[in-house]
file query-v1.cif (mmCIF, C-alpha atoms)
data_query
#
loop_
_atom_site.group_PDB
_atom_site.id
_atom_site.type_symbol
_atom_site.label_atom_id
_atom_site.label_comp_id
_atom_site.auth_asym_id
_atom_site.auth_seq_id
_atom_site.Cartn_x
_atom_site.Cartn_y
_atom_site.Cartn_z
ATOM 1 C CA MET V 1 -1.297 11.361 17.584
ATOM 2 C CA HIS V 2 -4.955 10.435 17.208
ATOM 3 C CA ASP V 3 -7.269 10.300 20.219
ATOM 4 C CA TRP V 4 -9.383 7.386 19.037
ATOM 5 C CA GLN V 5 -9.256 3.849 20.314
ATOM 6 C CA THR V 6 -7.250 1.490 18.164
ATOM 7 C CA VAL V 7 -7.643 -2.100 17.005
ATOM 8 C CA GLY V 8 -4.985 -3.087 19.549
ATOM 9 C CA SER V 9 -6.947 -1.500 22.384
ATOM 10 C CA LEU V 10 -9.340 -4.434 22.065
ATOM 11 C CA GLY V 11 -8.086 -7.554 23.820
ATOM 12 C CA ALA V 12 -7.493 -10.590 21.607
ATOM 13 C CA GLY V 13 -10.568 -12.394 22.905
ATOM 14 C CA GLN V 14 -12.698 -9.264 22.695
ATOM 15 C CA LEU V 15 -11.663 -8.679 19.087
ATOM 16 C CA ARG V 16 -12.389 -12.286 18.072
ATOM 17 C CA ALA V 17 -15.849 -12.110 19.628
ATOM 18 C CA GLN V 18 -16.645 -8.738 18.092
ATOM 19 C CA LEU V 19 -15.515 -9.805 14.618
ATOM 20 C CA LYS V 20 -17.770 -12.856 14.834
ATOM 21 C CA ARG V 21 -20.793 -10.846 15.992
ATOM 22 C CA ASP V 22 -21.310 -7.364 14.601
ATOM 23 C CA GLY V 23 -17.776 -6.804 13.356
ATOM 24 C CA ILE V 24 -15.569 -3.772 13.902
ATOM 25 C CA VAL V 25 -15.245 -0.477 12.054
ATOM 26 C CA PHE V 26 -11.726 0.891 11.557
ATOM 27 C CA ARG V 27 -9.896 3.477 9.487
ATOM 28 C CA ALA V 28 -7.468 2.670 6.695
ATOM 29 C CA GLY V 29 -6.295 6.134 5.714
ATOM 30 C CA PRO V 30 -9.304 8.030 4.342
ATOM 31 C CA TRP V 31 -11.455 4.889 4.104
ATOM 32 C CA ILE V 32 -13.739 3.608 6.843
ATOM 33 C CA VAL V 33 -13.880 -0.196 6.744
ATOM 34 C CA ARG V 34 -16.425 -2.487 8.368
ATOM 35 C CA LEU V 35 -14.996 -5.971 8.930
ATOM 36 C CA GLN V 36 -16.507 -9.245 10.124
ATOM 37 C CA SER V 37 -14.866 -12.671 10.369
ATOM 38 C CA ASP V 38 -15.437 -16.001 12.071
ATOM 39 C CA ASP V 39 -11.782 -17.046 11.662
ATOM 40 C CA SER V 40 -9.865 -16.869 14.954
ATOM 41 C CA ASP V 41 -6.428 -17.209 13.340
ATOM 42 C CA PHE V 42 -7.184 -14.306 11.031
ATOM 43 C CA ALA V 43 -8.352 -12.197 13.983
ATOM 44 C CA GLU V 44 -5.041 -12.731 15.780
ATOM 45 C CA LEU V 45 -2.915 -11.771 12.772
ATOM 46 C CA PHE V 46 -5.154 -8.815 11.893
ATOM 47 C CA ARG V 47 -4.864 -7.459 15.439
ATOM 48 C CA TRP V 48 -1.066 -7.560 15.288
ATOM 49 C CA MET V 49 -0.791 -6.076 11.789
ATOM 50 C CA TYR V 50 -3.356 -3.319 12.431
ATOM 51 C CA PHE V 51 -2.614 -2.754 16.120
ATOM 52 C CA GLU V 52 -2.475 1.068 15.860
ATOM 53 C CA ALA V 53 -5.249 1.465 13.279
ATOM 54 C CA PRO V 54 -7.932 3.795 14.680
ATOM 55 C CA LEU V 55 -11.372 2.391 15.402
ATOM 56 C CA ALA V 56 -14.446 4.274 14.261
ATOM 57 C CA THR V 57 -17.808 4.095 15.987
ATOM 58 C CA SER V 58 -20.062 1.182 15.078
ATOM 59 C CA GLU V 59 -22.581 3.709 13.712
ATOM 60 C CA ALA V 60 -20.055 5.178 11.260
ATOM 61 C CA CYS V 61 -20.982 4.959 7.596
ATOM 62 C CA ALA V 62 -18.501 2.497 6.094
ATOM 63 C CA ASP V 63 -16.926 3.078 2.691
ATOM 64 C CA ILE V 64 -15.977 -0.601 2.449
ATOM 65 C CA THR V 65 -17.679 -3.644 3.965
ATOM 66 C CA LEU V 66 -15.745 -6.921 4.149
ATOM 67 C CA GLU V 67 -16.803 -10.276 5.553
ATOM 68 C CA LEU V 68 -14.444 -13.255 5.803
ATOM 69 C CA ARG V 69 -16.239 -16.526 6.499
ATOM 70 C CA ARG V 70 -15.131 -20.132 6.641
ATOM 71 C CA LYS V 71 -16.848 -22.305 4.044
ATOM 72 C CA HIS V 72 -19.376 -24.727 5.509
ATOM 73 C CA GLY V 73 -19.925 -28.395 4.784
ATOM 74 C CA LEU V 74 -17.012 -30.636 3.836
ATOM 75 C CA ARG V 75 -14.826 -27.605 3.097
ATOM 76 C CA ARG V 76 -14.820 -26.787 6.798
ATOM 77 C CA VAL V 77 -12.817 -29.946 7.573
ATOM 78 C CA ILE V 78 -11.329 -31.173 4.273
ATOM 79 C CA ARG V 79 -8.920 -28.628 2.781
ATOM 80 C CA PRO V 80 -10.727 -25.797 4.600
ATOM 81 C CA GLN V 81 -11.515 -22.678 2.611
ATOM 82 C CA ILE V 82 -12.423 -19.111 3.411
ATOM 83 C CA GLU V 83 -14.439 -16.750 1.250
ATOM 84 C CA LEU V 84 -14.689 -12.983 1.056
ATOM 85 C CA LYS V 85 -17.970 -11.131 0.764
ATOM 86 C CA THR V 86 -18.517 -7.426 0.224
ATOM 87 C CA ASP V 87 -21.377 -5.060 -0.492
ATOM 88 C CA ARG V 88 -20.137 -5.117 -4.117
ATOM 89 C CA GLU V 89 -20.185 -8.905 -4.277
ATOM 90 C CA GLU V 90 -21.510 -9.067 -7.836
ATOM 91 C CA LEU V 91 -18.195 -7.563 -9.007
ATOM 92 C CA LEU V 92 -15.825 -9.368 -6.635
ATOM 93 C CA PRO V 93 -13.108 -11.199 -8.624
ATOM 94 C CA PHE V 94 -11.955 -13.566 -5.845
ATOM 95 C CA THR V 95 -12.803 -17.246 -5.505
ATOM 96 C CA PRO V 96 -12.452 -18.912 -2.060
ATOM 97 C CA PHE V 97 -8.888 -19.180 -0.711
ATOM 98 C CA PRO V 98 -7.337 -21.836 1.514
ATOM 99 C CA ALA V 99 -8.437 -20.990 5.058
ATOM 100 C CA ASP V 100 -4.877 -20.326 6.219
ATOM 101 C CA HIS V 101 -4.541 -17.616 3.519
ATOM 102 C CA ALA V 102 -7.308 -15.509 5.060
ATOM 103 C CA PHE V 103 -5.126 -12.454 5.703
ATOM 104 C CA ALA V 104 -3.821 -12.406 2.123
ATOM 105 C CA LEU V 105 -7.407 -12.588 0.832
ATOM 106 C CA PHE V 106 -8.410 -9.751 3.159
ATOM 107 C CA GLU V 107 -5.580 -7.502 1.936
ATOM 108 C CA TRP V 108 -6.248 -8.155 -1.742
ATOM 109 C CA GLY V 109 -9.972 -7.747 -1.230
ATOM 110 C CA MET V 110 -9.515 -4.413 0.523
ATOM 111 C CA ASN V 111 -7.155 -3.211 -2.229
ATOM 112 C CA TRP V 112 -9.733 -4.128 -4.851
ATOM 113 C CA CYS V 113 -12.516 -2.310 -3.008
ATOM 114 C CA MET V 114 -10.343 0.780 -2.641
ATOM 115 C CA ALA V 115 -9.383 0.763 -6.315
ATOM 116 C CA ILE V 116 -13.030 0.868 -7.421
ATOM 117 C CA SER V 117 -14.308 3.314 -4.814
ATOM 118 C CA GLY V 118 -11.778 6.085 -4.199
ATOM 119 C CA HIS V 119 -12.714 8.449 -6.997
ATOM 120 C CA THR V 120 -12.806 11.673 -5.013
ATOM 121 C CA ARG V 121 -8.993 11.660 -5.367
ATOM 122 C CA PHE V 122 -6.534 11.029 -8.181
ATOM 123 C CA MET V 123 -5.356 7.479 -7.535
ATOM 124 C CA LEU V 124 -2.032 6.080 -8.695
ATOM 125 C CA HIS V 125 -0.746 2.538 -8.584
ATOM 126 C CA ALA V 126 2.289 3.705 -6.658
ATOM 127 C CA ALA V 127 4.234 3.438 -3.454
ATOM 128 C CA VAL V 128 4.466 6.703 -1.518
ATOM 129 C CA LEU V 129 6.804 7.717 1.292
ATOM 130 C CA GLU V 130 7.424 11.010 3.096
ATOM 131 C CA ARG V 131 10.329 12.810 4.716
ATOM 132 C CA TYR V 132 10.224 16.346 6.173
ATOM 133 C CA GLY V 133 6.745 16.887 4.743
ATOM 134 C CA ARG V 134 7.787 16.090 1.164
ATOM 135 C CA CYS V 135 6.599 12.965 -0.619
ATOM 136 C CA LEU V 136 8.403 10.534 -2.890
ATOM 137 C CA ILE V 137 6.020 8.844 -5.346
ATOM 138 C CA LEU V 138 7.020 5.543 -6.995
ATOM 139 C CA PRO V 139 4.511 4.697 -9.749
ATOM 140 C CA ALA V 140 5.074 1.312 -11.360
ATOM 141 C CA ALA V 141 3.456 -1.716 -12.911
ATOM 142 C CA PRO V 142 3.450 -5.010 -10.959
ATOM 143 C CA GLY V 143 6.840 -6.725 -11.010
ATOM 144 C CA SER V 144 8.847 -3.493 -11.162
ATOM 145 C CA GLY V 145 10.301 -3.825 -7.660
ATOM 146 C CA LYS V 146 8.112 -1.011 -6.318
ATOM 147 C CA SER V 147 7.048 -2.692 -3.070
ATOM 148 C CA THR V 148 10.546 -4.018 -2.371
ATOM 149 C CA LEU V 149 12.036 -0.554 -2.758
ATOM 150 C CA CYS V 150 9.197 0.926 -0.694
ATOM 151 C CA ALA V 151 9.849 -1.529 2.148
ATOM 152 C CA ALA V 152 13.570 -0.709 2.118
ATOM 153 C CA LEU V 153 12.904 3.035 2.234
ATOM 154 C CA ALA V 154 10.319 2.597 5.003
ATOM 155 C CA VAL V 155 13.053 1.187 7.256
ATOM 156 C CA SER V 156 15.597 3.810 6.111
ATOM 157 C CA GLY V 157 14.165 7.013 7.543
ATOM 158 C CA TRP V 158 11.119 7.492 5.319
ATOM 159 C CA ARG V 159 7.528 7.475 6.602
ATOM 160 C CA LEU V 160 5.305 4.969 4.846
ATOM 161 C CA PHE V 161 2.204 6.389 3.185
ATOM 162 C CA SER V 162 1.360 3.309 1.087
ATOM 163 C CA ASP V 163 3.009 0.595 -0.984
ATOM 164 C CA GLU V 164 0.005 0.363 -3.318
ATOM 165 C CA PHE V 165 -1.942 3.622 -3.656
ATOM 166 C CA GLY V 166 -0.817 7.163 -4.336
ATOM 167 C CA LEU V 167 -3.779 9.262 -3.200
ATOM 168 C CA ILE V 168 -3.603 12.836 -4.519
ATOM 169 C CA ARG V 169 -6.208 15.437 -3.650
ATOM 170 C CA ILE V 170 -7.578 17.094 -6.765
ATOM 171 C CA ASP V 171 -7.953 20.578 -5.296
ATOM 172 C CA ASP V 172 -4.457 21.157 -3.878
ATOM 173 C CA LEU V 173 -2.295 18.077 -4.707
ATOM 174 C CA GLY V 174 -2.100 17.100 -1.029
ATOM 175 C CA VAL V 175 -0.863 13.521 -0.648
ATOM 176 C CA VAL V 176 -3.046 11.418 1.648
ATOM 177 C CA PRO V 177 -1.445 8.661 3.784
ATOM 178 C CA MET V 178 -2.824 5.152 3.999
ATOM 179 C CA PRO V 179 -0.184 3.162 5.940
ATOM 180 C CA ARG V 180 -0.928 -0.568 5.820
ATOM 181 C CA PRO V 181 1.131 -3.773 5.667
ATOM 182 C CA ILE V 182 3.510 -3.956 2.694
ATOM 183 C CA ALA V 183 2.933 -7.051 0.537
ATOM 184 C CA LEU V 184 6.178 -8.654 -0.620
ATOM 185 C CA LYS V 185 6.445 -11.559 -3.023
ATOM 186 C CA ASN V 186 8.836 -14.434 -3.625
ATOM 187 C CA ASP V 187 12.535 -13.428 -3.471
ATOM 188 C CA SER V 188 11.656 -9.949 -2.186
ATOM 189 C CA ILE V 189 10.695 -11.409 1.187
ATOM 190 C CA GLU V 190 14.181 -12.682 1.926
ATOM 191 C CA ILE V 191 15.806 -9.621 0.316
ATOM 192 C CA ILE V 192 14.067 -7.311 2.797
ATOM 193 C CA ARG V 193 14.743 -9.654 5.709
ATOM 194 C CA ARG V 194 18.449 -9.432 4.906
ATOM 195 C CA PHE V 195 18.311 -5.686 4.285
ATOM 196 C CA ALA V 196 16.408 -4.973 7.524
ATOM 197 C CA PRO V 197 16.675 -7.846 10.038
ATOM 198 C CA SER V 198 14.522 -5.902 12.514
ATOM 199 C CA ALA V 199 11.581 -5.623 10.079
ATOM 200 C CA GLU V 200 8.470 -7.390 11.356
ATOM 201 C CA PHE V 201 6.806 -9.909 9.048
ATOM 202 C CA GLY V 202 3.648 -11.949 9.168
ATOM 203 C CA PRO V 203 3.611 -15.539 7.910
ATOM 204 C CA VAL V 204 4.538 -16.511 4.359
ATOM 205 C CA PHE V 205 1.504 -17.549 2.325
ATOM 206 C CA PRO V 206 2.857 -20.076 -0.197
ATOM 207 C CA LYS V 207 1.655 -20.707 -3.731
ATOM 208 C CA THR V 208 -0.861 -17.885 -4.020
ATOM 209 C CA ARG V 209 -1.852 -16.591 -7.458
ATOM 210 C CA LYS V 210 1.112 -14.186 -7.094
ATOM 211 C CA GLY V 211 3.555 -16.746 -5.708
ATOM 212 C CA ASP V 212 4.774 -16.758 -2.112
ATOM 213 C CA VAL V 213 3.520 -13.660 -0.281
ATOM 214 C CA ALA V 214 4.361 -12.147 3.115
ATOM 215 C CA HIS V 215 3.367 -8.834 4.672
ATOM 216 C CA MET V 216 5.750 -6.441 6.404
ATOM 217 C CA ARG V 217 4.108 -4.697 9.340
ATOM 218 C CA PRO V 218 4.049 -0.882 9.100
ATOM 219 C CA SER V 219 5.710 1.035 11.898
ATOM 220 C CA ASP V 220 3.454 2.177 14.719
ATOM 221 C CA ALA V 221 4.667 5.741 14.138
ATOM 222 C CA ALA V 222 3.549 5.684 10.496
ATOM 223 C CA VAL V 223 0.067 4.452 11.415
ATOM 224 C CA ARG V 224 -0.306 6.984 14.236
ATOM 225 C CA ALA V 225 0.529 9.747 11.735
ATOM 226 C CA MET V 226 -2.040 8.680 9.129
ATOM 227 C CA ASP V 227 -3.769 12.069 9.343
ATOM 228 C CA VAL V 228 -0.559 14.007 8.624
ATOM 229 C CA GLU V 229 -0.479 14.651 4.885
ATOM 230 C CA GLY V 230 2.447 15.645 2.687
ATOM 231 C CA GLN V 231 3.215 17.533 -0.508
ATOM 232 C CA PRO V 232 4.502 15.872 -3.693
ATOM 233 C CA ALA V 233 8.170 16.543 -4.387
ATOM 234 C CA TRP V 234 9.705 13.638 -6.350
ATOM 235 C CA ILE V 235 8.376 11.102 -8.823
ATOM 236 C CA VAL V 236 10.602 8.104 -9.516
ATOM 237 C CA PHE V 237 9.575 5.373 -11.974
ATOM 238 C CA PRO V 238 11.463 2.272 -10.752
ATOM 239 C CA THR V 239 12.386 -0.847 -12.703
ATOM 240 C CA TRP V 240 14.151 -3.823 -11.174
ATOM 241 C CA GLN V 241 16.311 -5.749 -13.633
ATOM 242 C CA ALA V 242 18.549 -8.649 -12.654
ATOM 243 C CA GLY V 243 22.229 -7.794 -12.942
ATOM 244 C CA ALA V 244 21.608 -4.216 -14.065
ATOM 245 C CA ALA V 245 23.781 -1.341 -12.916
ATOM 246 C CA THR V 246 21.978 1.126 -10.683
ATOM 247 C CA ARG V 247 21.157 4.165 -12.769
ATOM 248 C CA ILE V 248 18.854 7.100 -12.063
ATOM 249 C CA GLU V 249 18.118 9.666 -14.755
ATOM 250 C CA ALA V 250 16.041 12.809 -14.976
ATOM 251 C CA PHE V 251 12.848 12.213 -16.927
ATOM 252 C CA PRO V 252 11.005 14.872 -18.960
ATOM 253 C CA ARG V 253 7.832 16.162 -17.394
ATOM 254 C CA GLY V 254 5.759 15.587 -20.516
ATOM 255 C CA ARG V 255 6.666 11.910 -20.582
ATOM 256 C CA SER V 256 6.202 11.738 -16.817
ATOM 257 C CA PHE V 257 2.646 13.005 -17.304
ATOM 258 C CA LEU V 258 1.968 10.170 -19.758
ATOM 259 C CA LYS V 259 3.407 7.558 -17.399
ATOM 260 C CA LEU V 260 1.347 8.946 -14.513
ATOM 261 C CA THR V 261 -1.857 8.638 -16.516
ATOM 262 C CA GLY V 262 -0.909 5.087 -17.469
ATOM 263 C CA ASN V 263 -0.400 4.181 -13.805
ATOM 264 C CA SER V 264 -3.629 5.784 -12.594
ATOM 265 C CA PHE V 265 -6.651 3.779 -11.472
ATOM 266 C CA ASN V 266 -9.103 6.549 -12.325
ATOM 267 C CA TYR V 267 -7.551 9.009 -14.792
ATOM 268 C CA MET V 268 -10.223 8.421 -17.436
ATOM 269 C CA LEU V 269 -13.028 8.353 -14.898
ATOM 270 C CA LEU V 270 -12.060 11.753 -13.477
ATOM 271 C CA GLY V 271 -12.049 13.392 -16.905
ATOM 272 C CA ALA V 272 -10.737 16.963 -16.877
ATOM 273 C CA ASP V 273 -9.914 16.744 -13.161
ATOM 274 C CA GLY V 274 -7.698 13.736 -13.872
ATOM 275 C CA PHE V 275 -5.893 15.570 -16.670
ATOM 276 C CA ARG V 276 -5.304 18.686 -14.591
ATOM 277 C CA THR V 277 -4.128 16.722 -11.550
ATOM 278 C CA ALA V 278 -1.695 14.534 -13.496
ATOM 279 C CA ALA V 279 -0.303 17.573 -15.325
ATOM 280 C CA ALA V 280 0.095 19.579 -12.121
ATOM 281 C CA LEU V 281 1.745 16.632 -10.382
ATOM 282 C CA ALA V 282 4.300 16.178 -13.163
ATOM 283 C CA SER V 283 4.976 19.932 -13.187
ATOM 284 C CA CYS V 284 5.603 20.358 -9.467
ATOM 285 C CA CYS V 285 7.863 17.322 -8.947
ATOM 286 C CA ASP V 286 11.396 16.386 -9.884
ATOM 287 C CA CYS V 287 10.879 13.341 -12.136
ATOM 288 C CA TYR V 288 13.243 10.412 -12.669
ATOM 289 C CA THR V 289 13.546 6.883 -13.937
ATOM 290 C CA LEU V 290 15.444 4.365 -11.816
ATOM 291 C CA GLN V 291 16.896 1.063 -12.968
ATOM 292 C CA TYR V 292 18.374 -1.153 -10.275
ATOM 293 C CA SER V 293 19.253 -4.663 -9.217
ATOM 294 C CA GLU V 294 20.998 -3.972 -5.894
ATOM 295 C CA LEU V 295 18.612 -2.638 -3.262
ATOM 296 C CA PRO V 296 21.163 -0.783 -1.061
ATOM 297 C CA GLU V 297 22.395 1.136 -4.117
ATOM 298 C CA ALA V 298 18.845 2.088 -5.089
ATOM 299 C CA VAL V 299 18.205 3.415 -1.586
ATOM 300 C CA GLU V 300 21.468 5.369 -1.739
ATOM 301 C CA VAL V 301 20.760 7.097 -5.055
ATOM 302 C CA ILE V 302 17.245 8.011 -3.942
ATOM 303 C CA ASP V 303 18.772 9.514 -0.830
ATOM 304 C CA GLN V 304 21.101 11.550 -3.055
ATOM 305 C CA ILE V 305 18.427 13.020 -5.313
ATOM 306 C CA THR V 306 16.051 13.806 -2.458
ATOM 307 C CA ARG V 307 18.717 15.603 -0.467
ATOM 308 C CA SER V 308 19.976 17.513 -3.525
ATOM 309 C CA PRO V 309 16.913 18.070 -5.733
ATOM 310 C CA MET V 310 17.568 18.283 -9.468
ATOM 311 C CA ARG V 311 14.984 19.571 -11.894
ATOM 312 C CA ALA V 312 13.737 17.056 -14.426
ATOM 313 C CA ASN V 313 15.011 19.009 -17.468
ATOM 314 C CA GLU V 314 18.592 18.553 -16.291
ATOM 315 C CA LYS V 315 20.813 15.623 -17.159
ATOM 316 C CA SER V 316 21.624 13.209 -14.342
ATOM 317 C CA ASP V 317 24.916 11.483 -13.814
ATOM 318 C CA VAL V 318 23.965 9.861 -10.501
ATOM 319 C CA GLN V 319 24.664 6.178 -11.006
ATOM 320 C CA ARG V 320 26.408 3.257 -9.379
#
call {"tool": "encode", "arguments": {"input": "query-v1.cif", "output": "structure tokens"}}
result
Amino acid sequence: MHDWQTVGSLGAGQLRAQLKRDGIVFRAGPWIVRLQSDDSDFAELFRWMYFEAPLATSEACADITLELRRKHGLRRVIRPQIELKTDREELLPFTPFPADHAFALFEWGMNWCMAISGHTRFMLHAAVLERYGRCLILPAAPGSGKSTLCAALAVSGWRLFSDEFGLIRIDDLGVVPMPRPIALKNDSIEIIRRFAPSAEFGPVFPKTRKGDVAHMRPSDAAVRAMDVEGQPAWIVFPTWQAGAATRIEAFPRGRSFLKLTGNSFNYMLLGADGFRTAAALASCCDCYTLQYSELPEAVEVIDQITRSPMRANEKSDVQR
């Protein structure tokens, strides 16, 4: 357990005031984030979602700077909007959002900043979870059911590392946690609510560019353990397909290497380090593909392969 103060250690009023003035500095895994906002509703939701996130000192050198501000003029009262500013504003791809979508804008903005700035590690577009020190990596393109499966596993005995970023150290393949809210979209929101009625959700943000979006709060235990790393053990490439039978199959390491490079944010940028890291990752893990439509069955077959590891050059008959 960390010894630092947390976001939740600030009272609600204190946090609102501090965000409006100089902002706060907090840790999101290996990143240090400086955040300012004049939106009181955002401050309340942020405090709840990031309650256990460690605070850094105000003098800390921030990796990411984010500022959420209500638009002035008519947009403050007529269909209010909020805009995001960063220290990389010339590259920022986000236009103003409806003011009541501030938290969704914050999450997407932080993801974008992380994706363009985290190049001291091999970065995958992947969900990552850990059990007994060993990590399950779920690389996938958007729409593959990655975050839905991640959310289900996070309430089924796995520790959440991230639903968005697989952070792999180049020198020793250590997997770095970054537990944050899990973004779920459209039907996935209700699917996880049915699967895990005790899961804690923020509000649904309707009609975003990605449809209806809601965020599942990470467990306090996962956030408190953000400094406890893991080692890669399994790579599963998931695909959700309506009506499909649940089927998990061993996947050759050579093809796994190619899929890892295709799901990396910075493979090309890292050059030889990216090649070596992706190759080593594929070599040290049991690799699989997973097709599923029924979430409980997907969780069950993942439980089977991670309790009885099978090398990726063997044929799998685990299916439902």
call {"tool": "atom_distance", "arguments": {"input": "query-v1.cif", "atom1": "atom CA of Ser40 of chain V", "atom2": "atom CA of Arg16 of chain V"}}
result
6.1 Å
call {"tool": "closest_residue", "arguments": {"input": "query-v1.cif", "among": "V:Arg169, V:Arg247, V:Arg276, V:His101", "to": "Pro203 of chain V", "atoms": "all atoms listed in the file"}}
result
V:His101
call {"tool": "atom_distance", "arguments": {"input": "query-v1.cif", "atom1": "atom CA of Trp234 of chain V", "atom2": "atom CA of Ser117 of chain V"}}
result
26.2 Å
call {"tool": "resolve_selection", "arguments": {"input": "query-v1.cif", "expression": "the PyMOL selection byres ((chain V and resi 152) around 9)", "output": "number ranges by chain"}}
result
V: 147-151, 153-156, 192, 195-196, 295-296, 299
call {"tool": "resolve_selection", "arguments": {"input": "query-v1.cif", "expression": "the PyMOL selection byres ((chain V and resi 270) around 10)", "output": "list of chain:residue names"}}
result
V:His119, V:Thr120, V:Arg121, V:Phe122, V:Met123, V:Ile170, V:Phe265, V:Asn266, V:Tyr267, V:Met268, V:Leu269, V:Gly271, V:Ala272, V:Asp273, V:Gly274, V:Phe275, V:Arg276, V:Thr277
call {"tool": "atom_distance", "arguments": {"input": "query-v1.cif", "atom1": "atom CA of Val228 of chain V", "atom2": "atom CA of Ser162 of chain V"}}
result
13.2 Å
call {"tool": "residues_around", "arguments": {"input": "query-v1.cif", "residues": "Asp212 of chain V", "least_positions_apart": "5", "cutoff": "10 Å", "atoms": "only C-alpha atoms", "output": "list in words"}}
result
Leu184, Lys185, Asn186, Asp187, Ser188, Ile189, Val204, Phe205, Pro206 and Lys207 of chain V
call {"tool": "resolve_selection", "arguments": {"input": "query-v1.cif", "expression": "the PyMOL selection byres ((chain V and resi 32) around 6)", "output": "PyMOL selection string"}}
result
chain V and resi 26-27+31+33+62-63
call {"tool": "residues_around", "arguments": {"input": "query-v1.cif", "residues": "Ile235 of chain V", "least_positions_apart": "3", "cutoff": "12 Å", "atoms": "all atoms listed in the file", "output": "number ranges by chain"}}
result
V: 124, 126-130, 134-140, 166, 231-232, 238, 248-253, 255-257, 259-260, 278, 281-290, 302, 305-306, 309-312
call {"tool": "residues_around", "arguments": {"input": "query-v1.cif", "residues": "segment 141-145 of chain V", "least_positions_apart": "6", "cutoff": "8 Å", "atoms": "only C-alpha atoms", "output": "number ranges by chain"}}
result
V: 125, 238-240, 263
call {"tool": "axis_aligned_box", "arguments": {"input": "query-v1.cif", "around": "segment 61-73 of chain V", "padding_each_side": "8 Å", "output": "AutoDock Vina command-line options"}}
result
--center_x -17.7 --center_y -11.7 --center_z 5.0 --size_x 22.5 --size_y 49.4 --size_z 21.1
